[in-house]
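So this one's run.tsv, TSV, C-alpha atoms:
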chain	number	residue	atom	x	y	z
Q	1	MET	CA	19.55	8.53	-25.84
Q	2	LYS	CA	20.37	8.52	-29.55
Q	3	ALA	CA	21.19	4.83	-29.77
Q	4	LYS	CA	18.03	3.58	-28.04
Q	5	THR	CA	15.98	4.16	-31.17
Q	6	HIS	CA	18.18	1.98	-33.37
Q	7	ILE	CA	17.30	-1.66	-33.90
Q	8	ILE	CA	20.06	-4.00	-35.02
Q	9	LEU	CA	18.90	-7.31	-36.45
Q	10	PHE	CA	21.30	-10.28	-36.19
Q	11	VAL	CA	20.66	-13.30	-38.40
Q	12	ASP	CA	22.72	-16.40	-37.63
Q	13	ASP	CA	21.65	-20.01	-37.18
Q	14	GLU	CA	24.13	-20.26	-34.31
Q	15	PRO	CA	23.28	-17.12	-32.29
Q	16	VAL	CA	25.89	-17.98	-29.66
Q	17	SER	CA	28.56	-16.78	-32.10
Q	18	THR	CA	27.18	-13.22	-32.19
Q	19	GLU	CA	26.20	-12.99	-28.52
Q	20	PRO	CA	29.31	-11.05	-27.38
Q	21	LEU	CA	28.70	-8.47	-30.12
Q	22	ARG	CA	25.04	-8.16	-29.16
Q	23	LEU	CA	25.95	-7.70	-25.48
Q	24	LEU	CA	28.43	-4.94	-26.31
Q	25	LEU	CA	26.01	-3.12	-28.60
Q	26	GLU	CA	23.25	-3.43	-26.01
Q	27	ALA	CA	25.65	-1.93	-23.46
Q	28	LYS	CA	26.03	0.98	-25.89
Q	29	GLY	CA	22.26	1.42	-25.90
Q	30	PHE	CA	21.20	-0.35	-29.10
Q	31	GLU	CA	18.29	-2.76	-29.28
Q	32	CYS	CA	19.57	-6.07	-30.63
Q	33	VAL	CA	17.25	-8.72	-32.02
Q	34	SER	CA	18.28	-12.21	-33.13
Q	35	ARG	CA	16.74	-14.44	-35.81
Q	36	THR	CA	18.04	-17.79	-37.04
Q	37	ASP	CA	16.88	-18.00	-40.67
Q	38	MET	CA	16.12	-15.83	-43.71
Q	39	SER	CA	12.32	-16.24	-43.53
Q	40	SER	CA	11.92	-15.12	-39.93
Q	41	ALA	CA	14.40	-12.27	-40.56
Q	42	MET	CA	12.38	-11.05	-43.58
Q	43	THR	CA	9.20	-11.16	-41.48
Q	44	PHE	CA	10.90	-9.08	-38.78
Q	45	LEU	CA	12.24	-6.57	-41.34
Q	46	ARG	CA	8.75	-6.11	-42.80
Q	47	CYS	CA	7.28	-5.23	-39.41
Q	48	ASN	CA	10.05	-3.27	-37.68
Q	49	PRO	CA	12.26	-0.27	-38.42
Q	50	VAL	CA	15.68	-1.95	-38.55
Q	51	SER	CA	18.75	0.32	-38.83
Q	52	VAL	CA	21.41	-2.32	-39.42
Q	53	LEU	CA	21.20	-5.93	-40.50
Q	54	VAL	CA	24.11	-8.15	-39.42
Q	55	THR	CA	23.86	-11.44	-41.26
Q	56	ASP	CA	25.71	-14.71	-41.73
Q	57	ILE	CA	26.00	-16.31	-45.19
Q	58	MET	CA	25.60	-20.02	-44.42
Q	59	MET	CA	22.20	-20.30	-42.80
Q	60	PRO	CA	18.79	-21.86	-43.34
Q	61	SER	CA	16.34	-20.09	-45.65
Q	62	GLY	CA	13.26	-21.09	-43.63
Q	63	ASP	CA	9.74	-21.89	-44.80
Q	64	GLN	CA	9.16	-18.81	-47.00
Q	65	PHE	CA	12.09	-19.63	-49.31
Q	66	PRO	CA	12.18	-23.41	-49.80
Q	67	GLY	CA	14.85	-25.18	-51.82
Q	68	MET	CA	17.58	-22.61	-51.36
Q	69	ASP	CA	21.18	-23.84	-51.04
Q	70	SER	CA	21.87	-23.13	-47.36
Q	71	SER	CA	25.58	-22.48	-48.05
Q	72	GLU	CA	24.57	-19.42	-50.09
Q	73	THR	CA	21.36	-18.26	-48.42
Q	74	GLY	CA	23.03	-15.10	-47.12
Q	75	PHE	CA	23.79	-13.88	-50.65
Q	76	HIS	CA	20.13	-14.19	-51.69
Q	77	PHE	CA	19.10	-12.57	-48.44
Q	78	VAL	CA	21.43	-9.58	-48.92
Q	79	TYR	CA	20.19	-9.00	-52.48
Q	80	LYS	CA	16.56	-9.23	-51.38
Q	81	VAL	CA	17.04	-6.83	-48.47
Q	82	ARG	CA	18.89	-4.41	-50.78
Q	83	ASP	CA	15.88	-4.40	-53.12
Q	84	GLU	CA	13.12	-4.28	-50.51
Q	85	PHE	CA	14.78	-2.16	-47.84
Q	86	PRO	CA	17.39	0.07	-49.50
Q	87	ASP	CA	17.75	2.18	-46.34
Q	88	VAL	CA	18.84	-0.71	-44.14
Q	89	SER	CA	22.62	-0.91	-43.75
Q	90	ILE	CA	23.97	-4.42	-44.18
Q	91	VAL	CA	26.95	-6.01	-42.50
Q	92	CYS	CA	27.93	-9.57	-43.43
Q	93	LEU	CA	29.52	-11.54	-40.66
Q	94	SER	CA	30.73	-14.89	-41.92
Q	95	VAL	CA	33.69	-17.21	-42.35
Q	96	ILE	CA	33.54	-17.50	-46.13
Q	97	GLY	CA	36.83	-16.66	-47.82
Q	98	ASP	CA	35.80	-16.63	-51.50
Q	99	GLN	CA	37.03	-13.18	-52.60
Q	100	SER	CA	34.92	-13.01	-55.77
Q	101	LYS	CA	31.76	-13.52	-53.72
Q	102	ILE	CA	32.90	-11.04	-51.09
Q	103	GLN	CA	33.60	-8.46	-53.82
Q	104	LYS	CA	30.06	-8.89	-55.14
Q	105	LEU	CA	28.70	-8.16	-51.68
Q	106	LYS	CA	30.94	-5.12	-51.31
Q	107	LYS	CA	29.78	-3.77	-54.68
Q	108	ARG	CA	26.29	-3.74	-53.25
Q	109	GLY	CA	27.43	-1.55	-50.39
Q	110	THR	CA	27.68	-4.37	-47.87
Q	111	LEU	CA	30.37	-4.31	-45.22
Q	112	TYR	CA	32.03	-7.72	-44.92
Q	113	LEU	CA	33.56	-8.81	-41.60
Q	114	ARG	CA	35.20	-12.18	-41.19
Q	115	LYS	CA	34.32	-14.13	-38.04
Q	116	GLY	CA	37.38	-14.67	-35.88
Q	117	GLU	CA	39.38	-11.87	-37.52
Q	118	THR	CA	37.73	-8.54	-36.72
Q	119	PRO	CA	38.22	-7.53	-33.06
Q	120	LEU	CA	34.94	-7.29	-31.14
Q	121	ASP	CA	35.32	-3.61	-30.33
Q	122	THR	CA	36.08	-2.75	-33.98
Q	123	ALA	CA	33.05	-4.73	-35.18
Q	124	ALA	CA	30.83	-2.94	-32.63
Q	125	ARG	CA	32.16	0.50	-33.67
Q	126	LEU	CA	31.65	-0.25	-37.37
Q	127	ILE	CA	28.06	-1.38	-36.80
Q	128	GLU	CA	27.45	1.65	-34.59
Q	129	SER	CA	28.74	3.94	-37.36
Q	130	LYS	CA	26.40	2.24	-39.85
Q	131	ALA	CA	23.46	2.86	-37.51
Q	132	THR	CA	24.18	6.40	-36.37
Q	133	GLY	CA	26.65	7.78	-38.87
Q	134	VAL	CA	29.15	8.44	-36.10
Q	135	ILE	CA	31.66	6.38	-34.17
Q	136	SER	CA	31.80	6.88	-30.41
Q	137	TYR	CA	35.06	6.65	-28.44
L	138	MET	CA	50.60	-50.21	-80.23
L	139	ASN	CA	48.03	-49.42	-82.90
L	140	GLU	CA	45.83	-46.35	-83.29
L	141	LYS	CA	42.92	-48.02	-81.53
L	142	ASP	CA	45.07	-48.67	-78.44
L	143	ILE	CA	46.31	-45.08	-78.45
L	144	GLU	CA	42.74	-43.83	-78.69
L	145	ALA	CA	41.72	-46.06	-75.77
L	146	LEU	CA	44.64	-44.76	-73.71
L	147	LYS	CA	43.67	-41.18	-74.49
L	148	THR	CA	40.10	-41.85	-73.37
L	149	GLU	CA	41.35	-43.50	-70.19
L	150	ASN	CA	43.71	-40.58	-69.59
L	151	LYS	CA	40.82	-38.13	-69.99
L	152	ARG	CA	38.66	-40.11	-67.59
L	153	LEU	CA	41.42	-40.25	-64.95
L	154	ARG	CA	42.06	-36.51	-65.26
L	155	ALA	CA	38.36	-35.83	-64.74
L	156	GLU	CA	38.38	-38.15	-61.72
L	157	ILE	CA	41.37	-36.31	-60.22
L	158	GLY	CA	39.59	-33.02	-60.89
L	159	ASP	CA	36.47	-34.24	-59.07
L	160	LEU	CA	38.59	-35.50	-56.18
L	161	LYS	CA	40.31	-32.12	-55.92
L	162	THR	CA	36.93	-30.39	-55.80
L	163	VAL	CA	35.70	-32.75	-53.07
L	164	THR	CA	38.94	-32.26	-51.08
L	165	ASN	CA	38.74	-28.48	-51.46
L	166	GLN	CA	35.13	-28.46	-50.31
L	167	TYR	CA	36.04	-30.69	-47.38
L	168	LEU	CA	38.94	-28.41	-46.36
L	169	GLN	CA	36.75	-25.32	-46.67
L	170	ASN	CA	34.18	-27.04	-44.53
L	171	VAL	CA	36.84	-27.95	-41.94
L	172	ALA	CA	38.08	-24.33	-41.92
L	173	HIS	CA	34.53	-23.07	-41.46
L	174	GLN	CA	33.80	-25.52	-38.68
L	175	LEU	CA	36.95	-24.58	-36.78
L	176	THR	CA	36.81	-20.82	-37.37
L	177	ALA	CA	33.25	-20.31	-36.13
L	178	PRO	CA	33.77	-21.60	-32.54
L	179	LEU	CA	37.24	-20.02	-32.31
L	180	GLY	CA	35.79	-16.69	-33.40
L	181	ALA	CA	33.04	-17.02	-30.77
L	182	ILE	CA	35.63	-17.79	-28.08
L	183	LYS	CA	37.78	-14.77	-29.04
L	184	TRP	CA	34.81	-12.41	-28.96
L	185	SER	CA	33.53	-13.84	-25.68
L	186	ILE	CA	36.92	-13.18	-24.08
L	187	GLU	CA	36.94	-9.63	-25.45
L	188	ALA	CA	33.42	-9.06	-24.10
L	189	LEU	CA	34.46	-10.46	-20.69
L	190	ARG	CA	37.30	-7.93	-20.56
L	191	ASP	CA	35.05	-5.06	-21.60
L	192	GLU	CA	33.85	-2.99	-18.66
L	193	ARG	CA	30.79	-1.79	-20.57
L	194	VAL	CA	29.30	-5.30	-20.67
L	195	PRO	CA	27.33	-5.78	-17.42
L	196	LEU	CA	28.74	-8.31	-14.96
L	197	SER	CA	25.35	-10.03	-14.81
L	198	ARG	CA	25.70	-11.06	-18.48
L	199	LYS	CA	29.25	-12.35	-18.18
L	200	SER	CA	28.60	-15.78	-16.66
L	201	LYS	CA	26.76	-16.73	-19.84
L	202	LEU	CA	29.84	-15.78	-21.85
L	203	LEU	CA	32.00	-18.08	-19.71
L	204	SER	CA	29.56	-20.92	-20.29
L	205	SER	CA	29.63	-20.15	-24.01
L	206	ILE	CA	33.45	-20.29	-24.09
L	207	TYR	CA	33.32	-23.71	-22.43
L	208	SER	CA	30.72	-25.05	-24.85
L	209	GLN	CA	32.53	-23.70	-27.92
L	210	ALA	CA	35.80	-25.23	-26.68
L	211	THR	CA	33.99	-28.55	-26.20
L	212	ILE	CA	32.74	-28.32	-29.78
L	213	LEU	CA	36.31	-27.70	-30.99
L	214	VAL	CA	37.79	-30.63	-29.09
L	215	HIS	CA	35.06	-32.86	-30.43
L	216	LEU	CA	35.58	-31.64	-34.02
L	217	ILE	CA	39.33	-32.09	-33.87
L	218	LYS	CA	38.91	-35.63	-32.53
L	219	ASN	CA	36.55	-36.36	-35.43
L	220	PHE	CA	38.99	-34.97	-38.00
L	221	ALA	CA	41.83	-37.03	-36.48
L	222	LEU	CA	39.68	-40.17	-36.47
L	223	MET	CA	38.64	-39.45	-40.04
L	224	SER	CA	42.20	-39.03	-41.31
L	225	ASN	CA	43.23	-42.21	-39.52
L	226	LEU	CA	40.39	-44.09	-41.18
L	227	GLU	CA	41.22	-42.63	-44.60
L	228	ALA	CA	44.91	-43.40	-44.25
L	229	ASP	CA	44.05	-46.91	-43.05
L	230	HIS	CA	46.50	-46.67	-40.16
L	231	GLU	CA	44.49	-49.11	-38.13
L	232	LEU	CA	43.11	-46.06	-36.34
L	233	GLY	CA	46.49	-44.90	-34.96
L	234	GLN	CA	46.03	-43.13	-31.64
L	235	PHE	CA	42.44	-44.34	-31.45
L	236	ARG	CA	43.34	-48.00	-31.49
L	237	GLU	CA	43.32	-49.53	-28.06
L	238	LYS	CA	42.45	-52.80	-26.41
L	239	PRO	CA	38.83	-53.36	-25.44
L	240	GLU	CA	38.31	-52.94	-21.72
L	241	PRO	CA	35.29	-53.55	-19.48
L	242	ILE	CA	33.39	-50.29	-19.11
L	243	ALA	CA	30.49	-49.33	-16.85
L	244	VAL	CA	28.30	-47.95	-19.60
L	245	VAL	CA	26.17	-45.77	-17.32
L	246	ASN	CA	29.29	-43.84	-16.25
L	247	LEU	CA	30.27	-43.31	-19.87
L	248	ALA	CA	26.76	-42.03	-20.62
L	249	ILE	CA	26.76	-39.67	-17.62
L	250	ASN	CA	30.23	-38.28	-18.47
L	251	LEU	CA	29.30	-37.62	-22.07
L	252	ALA	CA	25.94	-36.12	-21.17
L	253	ASN	CA	27.76	-33.77	-18.77
L	254	ASP	CA	30.17	-32.77	-21.54
L	255	PHE	CA	27.26	-31.57	-23.64
L	256	GLN	CA	25.30	-29.83	-20.85
L	257	PRO	CA	26.81	-26.34	-21.43
L	258	GLN	CA	26.20	-26.56	-25.17
L	259	ALA	CA	22.65	-27.74	-24.49
L	260	ARG	CA	22.03	-25.02	-21.89
L	261	ASP	CA	23.00	-22.38	-24.48
L	262	VAL	CA	19.84	-23.35	-26.38
L	263	GLU	CA	17.72	-24.25	-23.31
L	264	ILE	CA	17.83	-27.97	-23.92
L	265	LYS	CA	18.04	-30.56	-21.13
L	266	VAL	CA	20.12	-33.74	-21.43
L	267	VAL	CA	19.00	-36.44	-19.00
L	268	VAL	CA	20.37	-39.92	-18.39
L	269	ASP	CA	17.79	-42.56	-17.47
L	270	ASN	CA	19.73	-44.36	-14.72
L	271	ASP	CA	17.07	-47.01	-14.11
L	272	SER	CA	17.17	-48.17	-17.71
L	273	PHE	CA	20.93	-48.79	-17.40
L	274	GLN	CA	20.33	-50.76	-14.24
L	275	ARG	CA	17.72	-52.89	-16.02
L	276	ALA	CA	19.78	-53.44	-19.19
L	277	PHE	CA	23.27	-53.88	-17.73
L	278	GLY	CA	22.79	-54.65	-14.03
L	279	ALA	CA	26.28	-55.01	-12.58
L	280	LYS	CA	27.75	-56.07	-15.91
L	281	ARG	CA	30.27	-54.12	-17.91
L	282	LEU	CA	30.67	-53.85	-21.65
L	283	SER	CA	33.97	-54.78	-23.26
L	284	ILE	CA	34.61	-51.96	-25.71
L	285	GLU	CA	37.29	-49.64	-27.06
L	286	LYS	CA	36.31	-46.77	-24.81
L	287	ASN	CA	37.66	-43.75	-26.73
L	288	LEU	CA	36.17	-44.95	-29.99
L	289	VAL	CA	32.74	-45.62	-28.50
L	290	ALA	CA	32.87	-42.32	-26.61
L	291	GLN	CA	33.52	-40.55	-29.90
L	292	ALA	CA	30.69	-42.41	-31.64
L	293	MET	CA	28.29	-41.61	-28.84
L	294	SER	CA	29.45	-37.98	-28.73
L	295	ASN	CA	28.70	-37.65	-32.43
L	296	ILE	CA	25.13	-38.82	-31.87
L	297	LEU	CA	24.70	-36.65	-28.79
L	298	GLU	CA	26.12	-33.63	-30.57
L	299	ASN	CA	23.59	-34.07	-33.37
L	300	ALA	CA	20.84	-34.52	-30.81
L	301	VAL	CA	21.74	-31.17	-29.20
L	302	LYS	CA	22.28	-29.41	-32.53
L	303	TYR	CA	18.96	-30.39	-34.04
L	304	ALA	CA	16.69	-30.53	-30.96
L	305	ASP	CA	13.93	-27.99	-30.51
L	306	PRO	CA	14.80	-25.31	-27.93
L	307	GLY	CA	13.25	-26.13	-24.58
L	308	SER	CA	13.08	-29.87	-25.32
L	309	THR	CA	14.69	-32.77	-23.47
L	310	ILE	CA	17.22	-35.28	-24.83
L	311	THR	CA	17.12	-38.66	-23.12
L	312	VAL	CA	20.04	-41.07	-22.92
L	313	SER	CA	18.90	-44.55	-21.92
L	314	ALA	CA	19.94	-48.18	-22.15
L	315	ARG	CA	18.18	-50.92	-24.04
L	316	ALA	CA	18.57	-54.65	-24.33
L	317	ASP	CA	17.05	-57.59	-26.14
L	318	ASP	CA	17.94	-61.29	-26.54
L	319	LYS	CA	20.90	-60.62	-28.81
L	320	ASP	CA	22.07	-57.07	-28.25
L	321	VAL	CA	22.56	-54.43	-25.66
L	322	GLY	CA	23.19	-50.73	-26.10
L	323	ILE	CA	22.60	-47.04	-25.60
L	324	THR	CA	19.74	-45.00	-27.05
L	325	ILE	CA	19.74	-41.24	-27.57
L	326	GLU	CA	16.35	-39.69	-28.21
L	327	ASN	CA	15.52	-36.14	-29.22
L	328	THR	CA	12.72	-34.09	-30.73
L	329	GLY	CA	13.67	-31.67	-33.47
L	330	ILE	CA	13.64	-32.62	-37.12
L	331	SER	CA	11.85	-35.18	-39.27
L	332	ILE	CA	14.00	-37.75	-41.05
L	333	SER	CA	12.35	-39.41	-44.05
L	334	ASP	CA	12.68	-43.17	-44.70
L	335	GLU	CA	14.68	-42.35	-47.82
L	336	GLU	CA	17.11	-40.23	-45.79
L	337	LYS	CA	17.47	-42.91	-43.14
L	338	ASN	CA	19.38	-45.07	-45.63
L	339	GLN	CA	21.74	-42.24	-46.51
L	340	LEU	CA	22.49	-40.97	-43.00
L	341	PHE	CA	25.66	-43.01	-42.55
L	342	LYS	CA	27.26	-42.07	-45.85
L	343	ARG	CA	30.33	-39.90	-45.54
L	344	GLY	CA	29.51	-36.22	-46.11
L	345	TYR	CA	25.74	-36.75	-46.24
L	346	ARG	CA	23.49	-34.26	-44.48
L	347	GLY	CA	19.72	-34.53	-44.54
L	348	ALA	CA	17.54	-31.76	-45.98
L	349	ALA	CA	15.84	-30.96	-42.67
L	350	ALA	CA	19.21	-30.95	-40.88
L	351	MET	CA	20.61	-28.44	-43.37
L	352	GLN	CA	17.52	-26.32	-43.00
L	353	LYS	CA	17.95	-26.19	-39.25
L	354	VAL	CA	21.75	-25.73	-39.08
L	355	ALA	CA	23.45	-24.76	-42.34
L	356	ALA	CA	27.03	-25.74	-41.57
L	357	GLY	CA	28.17	-29.27	-40.75
L	358	THR	CA	30.83	-31.77	-41.71
L	359	GLY	CA	28.54	-34.70	-42.49
L	360	ILE	CA	31.06	-37.13	-41.00
L	361	GLY	CA	29.69	-37.66	-37.48
L	362	LEU	CA	27.28	-40.49	-38.21
L	363	TYR	CA	29.63	-42.02	-40.78
L	364	LEU	CA	32.37	-42.26	-38.13
L	365	ALA	CA	29.92	-43.55	-35.51
L	366	SER	CA	28.78	-46.34	-37.83
L	367	ARG	CA	32.40	-47.31	-38.61
L	368	VAL	CA	33.16	-47.47	-34.88
L	369	MET	CA	30.14	-49.68	-34.28
L	370	ALA	CA	31.18	-51.95	-37.16
L	371	PHE	CA	34.58	-52.46	-35.42
L	372	HIS	CA	32.65	-53.71	-32.42
L	373	GLY	CA	30.48	-56.06	-34.44
L	374	GLY	CA	27.56	-53.78	-33.64
L	375	ARG	CA	25.27	-51.38	-35.48
L	376	ILE	CA	23.26	-48.19	-35.16
L	377	ASP	CA	19.46	-48.50	-35.24
L	378	VAL	CA	17.44	-45.47	-36.24
L	379	GLU	CA	13.78	-45.06	-35.38
L	380	THR	CA	11.83	-41.93	-36.22
L	381	ARG	CA	8.30	-40.70	-35.69
L	382	ALA	CA	7.41	-37.19	-36.84
L	383	LYS	CA	10.02	-34.95	-35.21
L	384	LEU	CA	11.20	-37.61	-32.77
L	385	SER	CA	14.44	-39.47	-33.53
L	386	ARG	CA	15.96	-42.36	-31.66
L	387	PHE	CA	19.51	-43.50	-32.42
L	388	SER	CA	20.64	-46.72	-30.71
L	389	LEU	CA	24.24	-47.93	-30.59
L	390	MET	CA	23.79	-51.68	-30.29
L	391	PHE	CA	26.54	-54.14	-29.24
L	392	PRO	CA	26.40	-57.93	-29.32
L	393	ARG	CA	25.61	-59.40	-25.88
L	394	GLY	CA	28.88	-61.35	-26.12
L	395	ARG	CA	30.62	-58.14	-25.10
L	396	LEU	CA	28.97	-58.15	-21.67
L	397	GLN	CA	31.24	-59.18	-18.81
As structure tokens, the full file:
Amino acid sequence: MKAKTHIILFVDDEPVSTEPLRLLLEAKGFECVSRTDMSSAMTFLRCNPVSVLVTDIMMPSGDQFPGMDSSETGFHFVYKVRDEFPDVSIVCLSVIGDQSKIQKLKKRGTLYLRKGETPLDTAARLIESKATGVISY
Amino acid sequence: MNEKDIEALKTENKRLRAEIGDLKTVTNQYLQNVAHQLTAPLGAIKWSIEALRDERVPLSRKSKLLSSIYSQATILVHLIKNFALMSNLEADHELGQFREKPEPIAVVNLAINLANDFQPQARDVEIKVVVDNDSFQRAFGAKRLSIEKNLVAQAMSNILENAVKYADPGSTITVSARADDKDVGITIENTGISISDEEKNQLFKRGYRGAAAMQKVAAGTGIGLYLASRVMAFHGGRIDVETRAKLSRFSLMFPRGRLQ
């Protein structure tokens, strides 16, 4: 019941990499939506009540933000979402290993999960806790 | 040695240090890129296996996860082959494990096998890969092409992989044969991104990725087309690129002398 109302927005230019996580969260009752670039994700955020944003770092910026370095799009995206939608919880899901950049994200209250390292169930529980404030077992 | 010579040596020393610094940066970026390229599919495979084991995930959704594991594994094998080929080329080891004697190959079979390899990856994004059998019959008839099979397969895979990666969802990729008076070869056609004339000249440079390509898929090694063009050069052939709006056609062309 509780989880049905929460929308989780996934932004990754290779959605296949987040599919297992989406399936598990959907099984828990969340509504998962997938977008493949920053522009379409911003459009979705402006029109829908998103609880948690799960985003990659290296991804296309799309037509609304031309000329952005695609290896860093996620950073710009996180900062923009923080400013425009302060209530949306943000989880970064990426393979970048640059600690100084990760620290900057963390300082802005973003949870950073490294692809390939965080177990699926743990990632799902962490996102669930961001959305509902509780972790189910 | 006078002061002028010492000054010249110092300048040269400074230049070489800067060059080494640049090389280190390029190597670091390349290694980071390699790590990224390998970690992403491995991460997807790990999570897919965890989701398969999870009883909460409905059975009806699990066949897609199996298909995803297969396609991600195919991507990994392909990447690793490219990295191995790349390091062999860089080390100038006459291509090491990749070096073999040319053998007569039925090109249509090679095309079908490779197209099949990429079907799961293509299905993930609702793309069809079709092989135009009739065109192979017209271009090759009963003749075979004398080529180094693994090398050409890798070159063709690189083009096919790009075709799948950059094609519009729901579109069709066609693999066909073509022939003219001098050459014979394989064409891979897709619809996805526009390539400008200016970019066309850069496509085969090591590490180069076009603007539209980076806008569609952010991560990439930029070595696929470079390796494919090197492979074709070994065969005395070339890669022709034709584009029209979002349609791209890459043709691996071999001299007719290779027909047997």
Requested in this report: For chain L, work out the contacting residues on chain Q at 7 Å, counting all atoms listed in the file, and write them as JSON, numbers by chain.
Outcome: {"Q": [13, 17, 20, 23, 24, 27, 58, 59, 60, 61, 62, 70, 71, 95, 115, 116, 120]}
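Minimum distance to Thr110 of chain Q across Q:Asp87, Q:Asp37, Q:Glu19, Q:Asp12 (counting only C-alpha atoms) occurs at Q:Asp87.
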Requested in this report: Please measure the separation of atom CA of Lys286 of chain L and atom CA of Arg260 of chain L, giving the value in Å to one decimal.
Outcome: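 So the answer is 26.2 Å.
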Query raised in the report: Which neighbours of segment 252-255 of chain L fall inside 8 Å, counting only C-alpha atoms, when residues of the same chain fewer than 5 positions from it are skipped, and could you give them as a PyMOL selection string?
Result: chain L and resi 208+211+266-268+297-298+301+312
Report task. Find the residue from Q:Thr5, Q:Leu21, Q:Ile96, Q:Thr73 that sits nearest to Thr122 of chain Q; use all atoms listed in the file when measuring. Result -> Q:Leu21
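One finds atom CA of Val81 of chain Q at 10.1 Å from atom CA of Arg46 of chain Q.
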